[in-house]
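Shown here: structure.txt, compact mmCIF, C-alpha atoms.
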# COMPACT_ATOMS: atom_id res chain seq x y z
CA MET G 13 5.04 182.04 -15.77
CA MET G 14 1.99 181.49 -13.58
CA GLN G 15 2.23 183.33 -10.28
CA LYS G 16 1.56 180.99 -7.36
CA THR G 17 0.69 181.45 -3.71
CA ILE G 18 3.26 179.61 -1.61
CA LEU G 19 3.59 178.83 2.10
CA ILE G 20 6.97 177.94 3.60
CA THR G 21 7.21 176.69 7.19
CA GLY G 22 10.23 177.52 9.34
CA ALA G 23 11.24 180.47 7.18
CA SER G 24 12.92 182.73 9.73
CA SER G 25 16.44 181.59 8.76
CA GLY G 26 18.48 179.08 6.75
CA PHE G 27 16.97 177.24 3.78
CA GLY G 28 13.51 178.61 4.57
CA ALA G 29 14.50 182.29 4.47
CA MET G 30 16.65 181.82 1.36
CA THR G 31 13.83 179.98 -0.42
CA ALA G 32 11.23 182.58 0.55
CA ARG G 33 13.31 185.39 -0.94
CA ALA G 34 14.16 183.41 -4.09
CA LEU G 35 10.54 182.46 -4.77
CA ALA G 36 9.34 186.02 -4.19
CA LYS G 37 11.98 187.29 -6.65
CA ALA G 38 10.71 184.72 -9.15
CA GLY G 39 7.32 186.48 -9.05
CA HIS G 40 5.30 184.39 -6.60
CA THR G 41 3.28 185.47 -3.57
CA VAL G 42 5.19 183.96 -0.64
CA TYR G 43 4.10 183.53 2.95
CA ALA G 44 7.22 183.00 5.06
CA SER G 45 5.98 181.45 8.27
CA MET G 46 7.68 181.27 11.64
CA ARG G 47 6.58 180.12 15.06
CA ASP G 48 6.53 183.56 16.67
CA PRO G 49 7.25 186.53 14.41
CA SER G 50 7.19 188.89 17.41
CA ALA G 51 10.22 187.06 18.82
CA ARG G 52 11.97 187.14 15.44
CA GLY G 53 12.10 190.92 15.00
CA ALA G 54 15.35 190.96 13.03
CA ALA G 55 14.20 188.23 10.63
CA VAL G 56 10.83 189.91 10.07
CA ALA G 57 12.43 193.33 9.52
CA GLU G 58 14.86 191.80 7.02
CA MET G 59 12.01 190.15 5.08
CA GLU G 60 9.96 193.36 5.06
CA LYS G 61 12.96 195.37 3.82
CA PHE G 62 13.62 192.76 1.10
CA ALA G 63 9.97 192.95 0.00
CA ARG G 64 10.13 196.76 -0.22
CA ASP G 65 13.55 196.94 -1.91
CA GLU G 66 12.76 194.25 -4.48
CA ASP G 67 9.07 195.18 -4.83
CA VAL G 68 7.97 191.57 -4.31
CA ALA G 69 5.06 189.84 -2.57
CA LEU G 70 6.83 188.40 0.48
CA LYS G 71 4.89 188.37 3.74
CA THR G 72 5.68 186.93 7.17
CA ILE G 73 3.00 184.96 8.98
CA ALA G 74 2.74 183.23 12.36
CA LEU G 75 2.61 179.44 12.13
CA ASP G 76 3.70 177.15 14.95
CA VAL G 77 3.85 173.65 13.46
CA THR G 78 3.40 172.16 16.95
CA SER G 79 -0.07 173.73 17.22
CA ASP G 80 -3.20 172.63 15.34
CA THR G 81 -4.88 175.95 16.07
CA SER G 82 -1.92 177.91 14.70
CA ALA G 83 -1.75 175.80 11.52
CA GLN G 84 -5.49 176.18 10.85
CA ALA G 85 -5.37 179.95 11.49
CA ALA G 86 -2.41 180.46 9.13
CA ILE G 87 -4.09 178.60 6.27
CA ARG G 88 -7.34 180.51 6.82
CA GLN G 89 -5.43 183.79 6.69
CA ILE G 90 -3.57 182.87 3.48
CA VAL G 91 -6.68 181.66 1.64
CA GLY G 92 -8.62 184.70 2.92
CA GLU G 93 -5.99 187.14 1.63
CA ALA G 94 -4.72 185.43 -1.51
CA GLY G 95 -7.80 183.40 -2.43
CA ARG G 96 -5.79 180.20 -2.87
CA LEU G 97 -2.78 178.16 -1.81
CA ASP G 98 -0.87 176.44 -4.61
CA VAL G 99 2.37 175.26 -3.04
CA LEU G 100 3.14 174.09 0.51
CA ILE G 101 6.81 173.74 1.47
CA HIS G 102 7.52 171.71 4.61
CA ASN G 103 10.80 173.20 5.79
CA ALA G 104 10.39 173.66 9.57
CA GLY G 105 12.85 171.45 11.42
CA HIS G 106 14.98 171.21 14.50
CA MET G 107 18.21 169.30 15.11
CA GLY G 108 19.66 167.60 18.19
CA PHE G 109 23.36 166.81 18.63
CA GLY G 110 24.74 164.40 21.23
CA PRO G 111 24.61 160.75 22.35
CA ALA G 112 21.16 159.25 21.60
CA GLU G 113 20.94 157.68 25.08
CA ALA G 114 21.33 161.07 26.77
CA PHE G 115 18.26 162.62 25.12
CA SER G 116 15.16 162.30 27.27
CA PRO G 117 12.13 160.57 25.74
CA GLU G 118 10.38 163.95 25.96
CA GLN G 119 13.17 165.56 23.90
CA LEU G 120 12.88 162.84 21.28
CA ALA G 121 9.10 163.34 21.16
CA GLN G 122 9.58 167.10 20.78
CA LEU G 123 11.96 166.64 17.83
CA TYR G 124 9.43 164.30 16.20
CA ASP G 125 6.69 166.84 16.93
CA VAL G 126 8.51 169.56 14.99
CA ASN G 127 9.99 167.48 12.17
CA VAL G 128 7.23 164.91 11.55
CA VAL G 129 3.95 165.60 13.34
CA GLY G 130 4.22 169.28 12.40
CA THR G 131 3.95 168.38 8.71
CA GLN G 132 0.80 166.40 9.49
CA ARG G 133 -0.82 169.38 11.24
CA VAL G 134 -0.10 171.71 8.34
CA ASN G 135 -1.22 169.12 5.77
CA ARG G 136 -4.54 168.62 7.55
CA ALA G 137 -5.09 172.38 7.51
CA ALA G 138 -4.00 172.94 3.89
CA LEU G 139 -5.01 169.84 1.94
CA PRO G 140 -8.81 170.28 1.97
CA HIS G 141 -8.28 173.59 0.14
CA MET G 142 -5.65 172.18 -2.24
CA ARG G 143 -7.85 169.19 -3.07
CA SER G 144 -10.74 171.55 -3.87
CA LEU G 145 -8.47 173.26 -6.45
CA GLY G 146 -7.71 169.90 -8.09
CA ARG G 147 -4.08 170.96 -8.43
CA GLY G 148 -1.26 171.56 -5.99
CA GLN G 149 2.31 170.93 -5.00
CA LEU G 150 3.89 169.67 -1.78
CA ILE G 151 7.64 170.09 -1.31
CA TRP G 152 9.24 168.39 1.68
CA VAL G 153 12.73 169.53 2.70
CA GLY G 154 14.30 166.29 3.88
CA SER G 155 17.89 165.30 4.56
CA SER G 156 20.50 163.10 2.92
CA SER G 157 21.02 161.62 6.42
CA THR G 158 17.93 159.43 6.00
CA ARG G 159 19.70 157.27 3.43
CA GLY G 160 23.31 158.46 3.09
CA GLY G 161 26.24 157.69 5.35
CA THR G 162 24.99 158.71 8.79
CA PRO G 163 27.60 159.78 11.39
CA PRO G 164 26.91 159.30 15.12
CA PHE G 165 25.43 161.81 17.61
CA LEU G 166 22.63 163.06 15.36
CA ALA G 167 20.27 160.12 15.97
CA PRO G 168 17.12 161.98 17.10
CA TYR G 169 17.27 164.32 14.10
CA PHE G 170 18.11 161.55 11.63
CA ALA G 171 15.29 159.38 12.97
CA ALA G 172 12.78 162.24 12.73
CA LYS G 173 13.87 163.13 9.19
CA ALA G 174 13.55 159.46 8.19
CA GLY G 175 10.01 159.51 9.59
CA MET G 176 9.20 162.63 7.58
CA ASP G 177 10.64 161.07 4.41
CA ALA G 178 8.49 157.95 4.85
CA LEU G 179 5.39 160.09 5.44
CA ALA G 180 6.12 162.15 2.33
CA GLN G 181 6.41 159.03 0.15
CA SER G 182 3.00 157.77 1.26
CA TYR G 183 1.40 161.18 0.84
CA ALA G 184 2.77 161.33 -2.72
CA LEU G 185 0.78 158.19 -3.63
CA GLU G 186 -2.35 159.22 -1.72
CA LEU G 187 -2.57 162.71 -3.25
CA ALA G 188 -1.74 161.90 -6.89
CA ARG G 189 -5.36 161.30 -7.93
CA PHE G 190 -6.30 164.70 -6.49
CA GLY G 191 -3.77 166.33 -8.85
CA ILE G 192 -1.36 167.17 -6.04
CA GLU G 193 2.30 166.62 -6.85
CA THR G 194 5.00 165.73 -4.30
CA THR G 195 8.75 166.27 -4.33
CA ILE G 196 11.22 165.52 -1.54
CA VAL G 197 14.18 167.92 -1.69
CA VAL G 198 17.23 166.25 -0.17
CA PRO G 199 19.97 168.63 1.02
CA GLY G 200 23.28 167.26 2.22
CA ALA G 201 25.06 168.34 5.42
CA PHE G 202 25.65 172.01 4.72
CA THR G 203 27.78 173.08 7.68
CA LYS G 204 28.12 176.71 6.56
CA GLY G 205 25.48 179.27 5.68
CA THR G 206 22.68 177.89 7.88
CA GLU G 207 22.12 177.95 11.65
CA HIS G 208 21.19 174.26 11.77
CA PHE G 209 24.12 172.98 13.83
CA HIS G 210 24.37 176.19 15.88
CA HIS G 211 20.75 175.87 17.06
CA ALA G 212 20.88 172.11 17.70
CA ALA G 213 19.40 170.87 20.97
CA ALA G 214 21.81 169.31 23.49
CA PRO G 215 20.89 166.18 25.46
CA ALA G 216 18.96 166.86 28.69
CA ASP G 217 20.77 164.09 30.57
CA THR G 218 24.18 165.74 30.86
CA GLU G 219 25.44 163.04 33.22
CA ARG G 220 24.93 160.28 30.66
CA ALA G 221 26.30 162.50 27.89
CA GLY G 222 29.42 163.04 30.01
CA LEU G 223 30.03 159.28 30.14
CA TYR G 224 30.41 159.37 26.36
CA TRP G 225 32.42 162.60 26.09
CA SER G 226 34.86 161.65 28.88
CA GLY G 227 35.00 157.96 27.92
CA PRO G 228 35.74 156.03 24.74
CA TYR G 229 33.89 158.62 22.61
CA ALA G 230 35.95 161.60 23.73
CA ASP G 231 36.54 163.91 20.73
CA VAL G 232 34.27 161.91 18.40
CA ASP G 233 31.76 164.78 18.38
CA GLN G 234 34.46 167.13 17.09
CA LYS G 235 35.57 164.55 14.52
CA VAL G 236 31.97 164.34 13.26
CA LEU G 237 31.65 168.11 12.87
CA LYS G 238 35.12 168.61 11.41
CA GLY G 239 34.75 165.59 9.14
CA LEU G 240 31.45 166.79 7.71
CA ALA G 241 32.88 170.29 7.20
CA ALA G 242 35.96 168.83 5.46
CA LEU G 243 33.80 166.83 3.02
CA GLU G 244 32.03 170.00 1.93
CA PRO G 245 33.55 171.66 -1.14
CA ALA G 246 34.73 175.23 -0.53
CA ASP G 247 32.12 176.55 -2.98
CA ALA G 248 29.18 174.64 -1.42
CA ASP G 249 26.33 177.12 -1.29
CA PRO G 250 23.13 176.40 0.69
CA ALA G 251 21.34 178.85 -1.64
CA GLU G 252 21.44 176.00 -4.20
CA VAL G 253 18.59 174.43 -2.20
CA ALA G 254 16.49 177.57 -2.75
CA THR G 255 17.36 177.57 -6.46
CA ALA G 256 16.28 173.92 -6.78
CA ILE G 257 12.93 174.73 -5.15
CA VAL G 258 12.35 177.72 -7.45
CA ASP G 259 13.03 175.40 -10.41
CA LEU G 260 10.59 172.78 -9.07
CA VAL G 261 7.81 175.32 -8.71
CA ALA G 262 8.41 176.51 -12.29
CA MET G 263 8.19 173.01 -13.82
CA PRO G 264 5.05 172.01 -15.75
CA HIS G 265 2.49 170.07 -13.72
CA GLY G 266 3.07 166.32 -13.98
CA SER G 267 6.77 166.61 -14.84
CA ARG G 268 8.26 167.08 -11.37
CA PRO G 269 10.50 164.34 -9.93
CA LEU G 270 9.74 162.61 -6.63
CA ARG G 271 13.20 163.53 -5.37
CA VAL G 272 15.90 166.13 -5.94
CA HIS G 273 19.30 165.89 -4.22
CA ILE G 274 21.46 168.92 -3.44
CA ASP G 275 24.48 167.41 -1.76
CA PRO G 276 27.91 168.85 -2.63
CA SER G 277 29.55 166.42 -0.16
CA ASP G 278 27.98 163.43 -1.97
CA ASP G 279 27.33 161.19 1.05
CA GLY G 280 25.74 158.44 -1.04
CA ALA G 281 22.05 159.26 -0.43
CA ALA G 282 21.34 159.78 -4.13
CA ILE G 283 22.49 156.23 -4.92
CA VAL G 284 20.51 154.57 -2.11
CA ASN G 285 17.40 156.66 -2.75
CA GLY G 286 17.64 155.87 -6.45
CA VAL G 287 17.43 152.14 -5.70
CA ALA G 288 14.70 152.52 -3.07
CA ASP G 289 12.53 154.76 -5.27
CA ARG G 290 12.86 152.34 -8.19
CA VAL G 291 11.78 149.42 -5.99
CA ARG G 292 8.82 151.47 -4.73
CA ALA G 293 7.76 152.27 -8.30
CA GLN G 294 8.08 148.62 -9.34
CA LEU G 295 5.85 147.51 -6.46
CA MET G 296 3.17 150.03 -7.49
CA GLU G 297 3.30 148.60 -11.02
CA ARG G 298 3.10 145.01 -9.73
CA ILE G 299 -0.02 145.72 -7.68
CA GLY G 300 -1.72 147.61 -10.50
CA LEU G 301 -1.41 151.12 -9.07
CA ALA G 302 1.23 152.62 -11.34
CA ASP G 303 -1.02 155.64 -11.95
CA LEU G 304 -0.35 156.78 -8.36
CA LEU G 305 3.27 157.46 -9.28
CA HIS G 306 2.20 160.52 -11.28
CA PRO G 307 -0.35 163.17 -10.34
CA LYS G 308 -3.58 163.29 -12.25
CA ALA G 309 -3.52 166.07 -14.84
For the file at hand, write its structure as structure tokens.
Amino acid sequence: MMQKTILITGASSGFGAMTARALAKAGHTVYASMRDPSARGAAVAEMEKFARDEDVALKTIALDVTSDTSAQAAIRQIVGEAGRLDVLIHNAGHMGFGPAEAFSPEQLAQLYDVNVVGTQRVNRAALPHMRSLGRGQLIWVGSSSTRGGTPPFLAPYFAAKAGMDALAQSYALELARFGIETTIVVPGAFTKGTEHFHHAAAPADTERAGLYWSGPYADVDQKVLKGLAALEPADADPAEVATAIVDLVAMPHGSRPLRVHIDPSDDGAAIVNGVADRVRAQLMERIGLADLLHPKA
């Protein structure tokens, strides 16, 4: 197996931390990035201990996806130390939970900044180097919520993830002739084993939120959370997302799928995405650009 240099954004916890450890154990050099490692002492210490105990190349690095300067500096550091960057995993994300109307426009913009615009900043820093290699891999950690059954009170997050998914699809076509391969990993609503829901932002306008919680939508928030948790099989393991990413990295160049679903609750996203991705491929064929569906060897 060829050892690769890999950057993961938002790797202090959840899918990102699990994936960083799994890829390092698989023999790769992994840069686990987080916005402010100095404020994440426990996470950094855990990663460093794992690297020592397992004798693997796992390093933490500062990368704030909401800062151009930070993104550029992180890529410079990685290329300076490792000599190359082979795989970029867009995992950084933030959730909001509550009535859409009660989120301020600034809150919505901030969620888009982390979930969507952040990927653009890191791409602009990393892609010139990856294009110069003539080979590379982008993995975008999306969400089944963009196409599956979407419950209420997660609108800002769902909208941002849908934006990221659309961006990823276009990038896939625009990078194929540079030999850069794209896969969108689509996890379902894992309610255990990650801090996603626990760290979700609450609406800034508490007065408007109260009109929902004390009115006709009283208890609906709890029904959403309990309902999602009840759909999840008892053996649902978020580490399956990390395993899927390790498998993607190991696949031969040119053979990787556009999309991989890891959704034990089966909310329907795989069916809807299957149709949408087929229609997208057919359009590319009809306009004479079918070669963009597969990266150049």
Item to complete: Could you tell me which of G:His211, G:Arg96, G:Lys37, G:Arg52 comes closest to G:Gly148 if we count only C-alpha atoms?
Response: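 For G:Gly148, the nearest of the given residues is G:Arg96.
Remark: for G:Ile192, the closest of the candidate residues G:Asp278, G:Glu252, G:Asp98, G:Asp233 is G:Asp98 (distances computed over all atoms listed in the file).
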Discussion item. At a cut-off of 12 Å, using all atoms listed in the file, what residues contact G:Lys71? Leave out same-chain residues fewer than 2 positions from it and give the result as number ranges by chain.
Written reply: G: 17-20, 23-24, 29, 32-33, 35-36, 40-46, 49, 55-64, 67-69, 73-74, 89-90, 93-94
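Atom CA of G:Val197 to atom CA of G:Leu243 spans 20.2 Å [interatomic distance, one decimal].
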Practice prompt. Point out the residue among G:Gly110, G:Gly39, G:Gly28, G:Gly22 with the least atom-to-atom distance to G:Leu237, counting all atoms listed in the file.
Written response: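 That would be G:Gly110, the residue with the smallest distance to G:Leu237.
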Practice prompt. Calculate how many Å separate atom CA of G:Glu118 from atom CA of G:Leu100, rounding to one decimal.
Written response: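 So the answer is 28.3 Å.
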So that I can check the surroundings of G:Ile101, please list as a PDB file with C-alpha atoms, in the coordinates of the input every protein, DNA and RNA residue that reaches within 6 Å of it, counting all atoms listed in the file and ignoring chain neighbours fewer than 4 positions away.
ATOM      1  CA  ILE G  20       6.970 177.940   3.600  1.00  0.00           C
ATOM      2  CA  LEU G 150       3.890 169.670  -1.780  1.00  0.00           C
ATOM      3  CA  ILE G 151       7.640 170.090  -1.310  1.00  0.00           C
ATOM      4  CA  TRP G 152       9.240 168.390   1.680  1.00  0.00           C
TER       5      TRP G 152
END
List the neighbours of stretch 106-108 of chain G out to 8 Å using all atoms listed in the file; skip same-chain residues closer than 5 positions along the sequence, and give me the result as a compact mmCIF listing (two decimals) with C-alpha atoms, in the frame of the given file.
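As written to disk, around17.txt reads:
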# COMPACT_ATOMS: atom_id res chain seq x y z
CA LEU G 123 11.96 166.64 17.83
CA VAL G 126 8.51 169.56 14.99
CA ASN G 127 9.99 167.48 12.17
CA LEU G 166 22.63 163.06 15.36
CA ALA G 167 20.27 160.12 15.97
CA PRO G 168 17.12 161.98 17.10
CA TYR G 169 17.27 164.32 14.10
CA HIS G 208 21.19 174.26 11.77
CA PHE G 209 24.12 172.98 13.83
CA HIS G 211 20.75 175.87 17.06
CA ALA G 212 20.88 172.11 17.70
CA ALA G 213 19.40 170.87 20.97
CA ALA G 214 21.81 169.31 23.49
CA PRO G 215 20.89 166.18 25.46
Fill in: Nearest candidate to G:Thr194 (options G:Arg292, G:His265, G:Lys235, G:His273; using all atoms listed in the file)
G:His265
Near stretch 173-184 of chain G, 8 Å: stretch 41-159 of chain G residue rows, closest pairs, only C-alpha atoms, as a tab-separated table:
residue	atom	partner	partner_atom	distance
G:Asn127	CA	G:Lys173	CA	6.5
G:Val128	CA	G:Met176	CA	5.0
G:Thr131	CA	G:Met176	CA	7.9
G:Trp152	CA	G:Ala180	CA	7.0
G:Gly154	CA	G:Lys173	CA	6.2
G:Ser155	CA	G:Lys173	CA	6.5
G:Ser157	CA	G:Lys173	CA	7.8
G:Thr158	CA	G:Ala174	CA	4.9
Okay, now the selection with C-alpha atoms, as a PDB file, in the frame of the given file?
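What landed in out27.pdb:
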ATOM      1  CA  ASN G 127       9.990 167.480  12.170  1.00  0.00           C
ATOM      2  CA  VAL G 128       7.230 164.910  11.550  1.00  0.00           C
ATOM      3  CA  THR G 131       3.950 168.380   8.710  1.00  0.00           C
ATOM      4  CA  TRP G 152       9.240 168.390   1.680  1.00  0.00           C
ATOM      5  CA  GLY G 154      14.300 166.290   3.880  1.00  0.00           C
ATOM      6  CA  SER G 155      17.890 165.300   4.560  1.00  0.00           C
ATOM      7  CA  SER G 157      21.020 161.620   6.420  1.00  0.00           C
ATOM      8  CA  THR G 158      17.930 159.430   6.000  1.00  0.00           C
TER       9      THR G 158
END
Worksheet entry | Å distance separating atom CA of G:Ile257 from atom CA of G:Val99, one decimal place | 10.8 Å
Worksheet, complete the sentence: Counting only C-alpha atoms, closest pick from G:Ala38, G:Ile196, G:Ile87, G:Leu301 relative to G:Met142 is G:Ile87
Worksheet entry | Top pick for closest residue to G:His141, considering G:Glu186, G:Ser116, G:Val91, G:Phe109 and counting only C-alpha atoms |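 Counting only C-alpha atoms, the residue closest to G:His141 is G:Val91.
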Worksheet item: Mind listing as a ChimeraX atom specification all residues within 12 Å of (22.3, 169.5, -0.1), counting all atoms listed in the file?
Response: /G:27,153-157,160,196-206,244-245,248-257,272-282
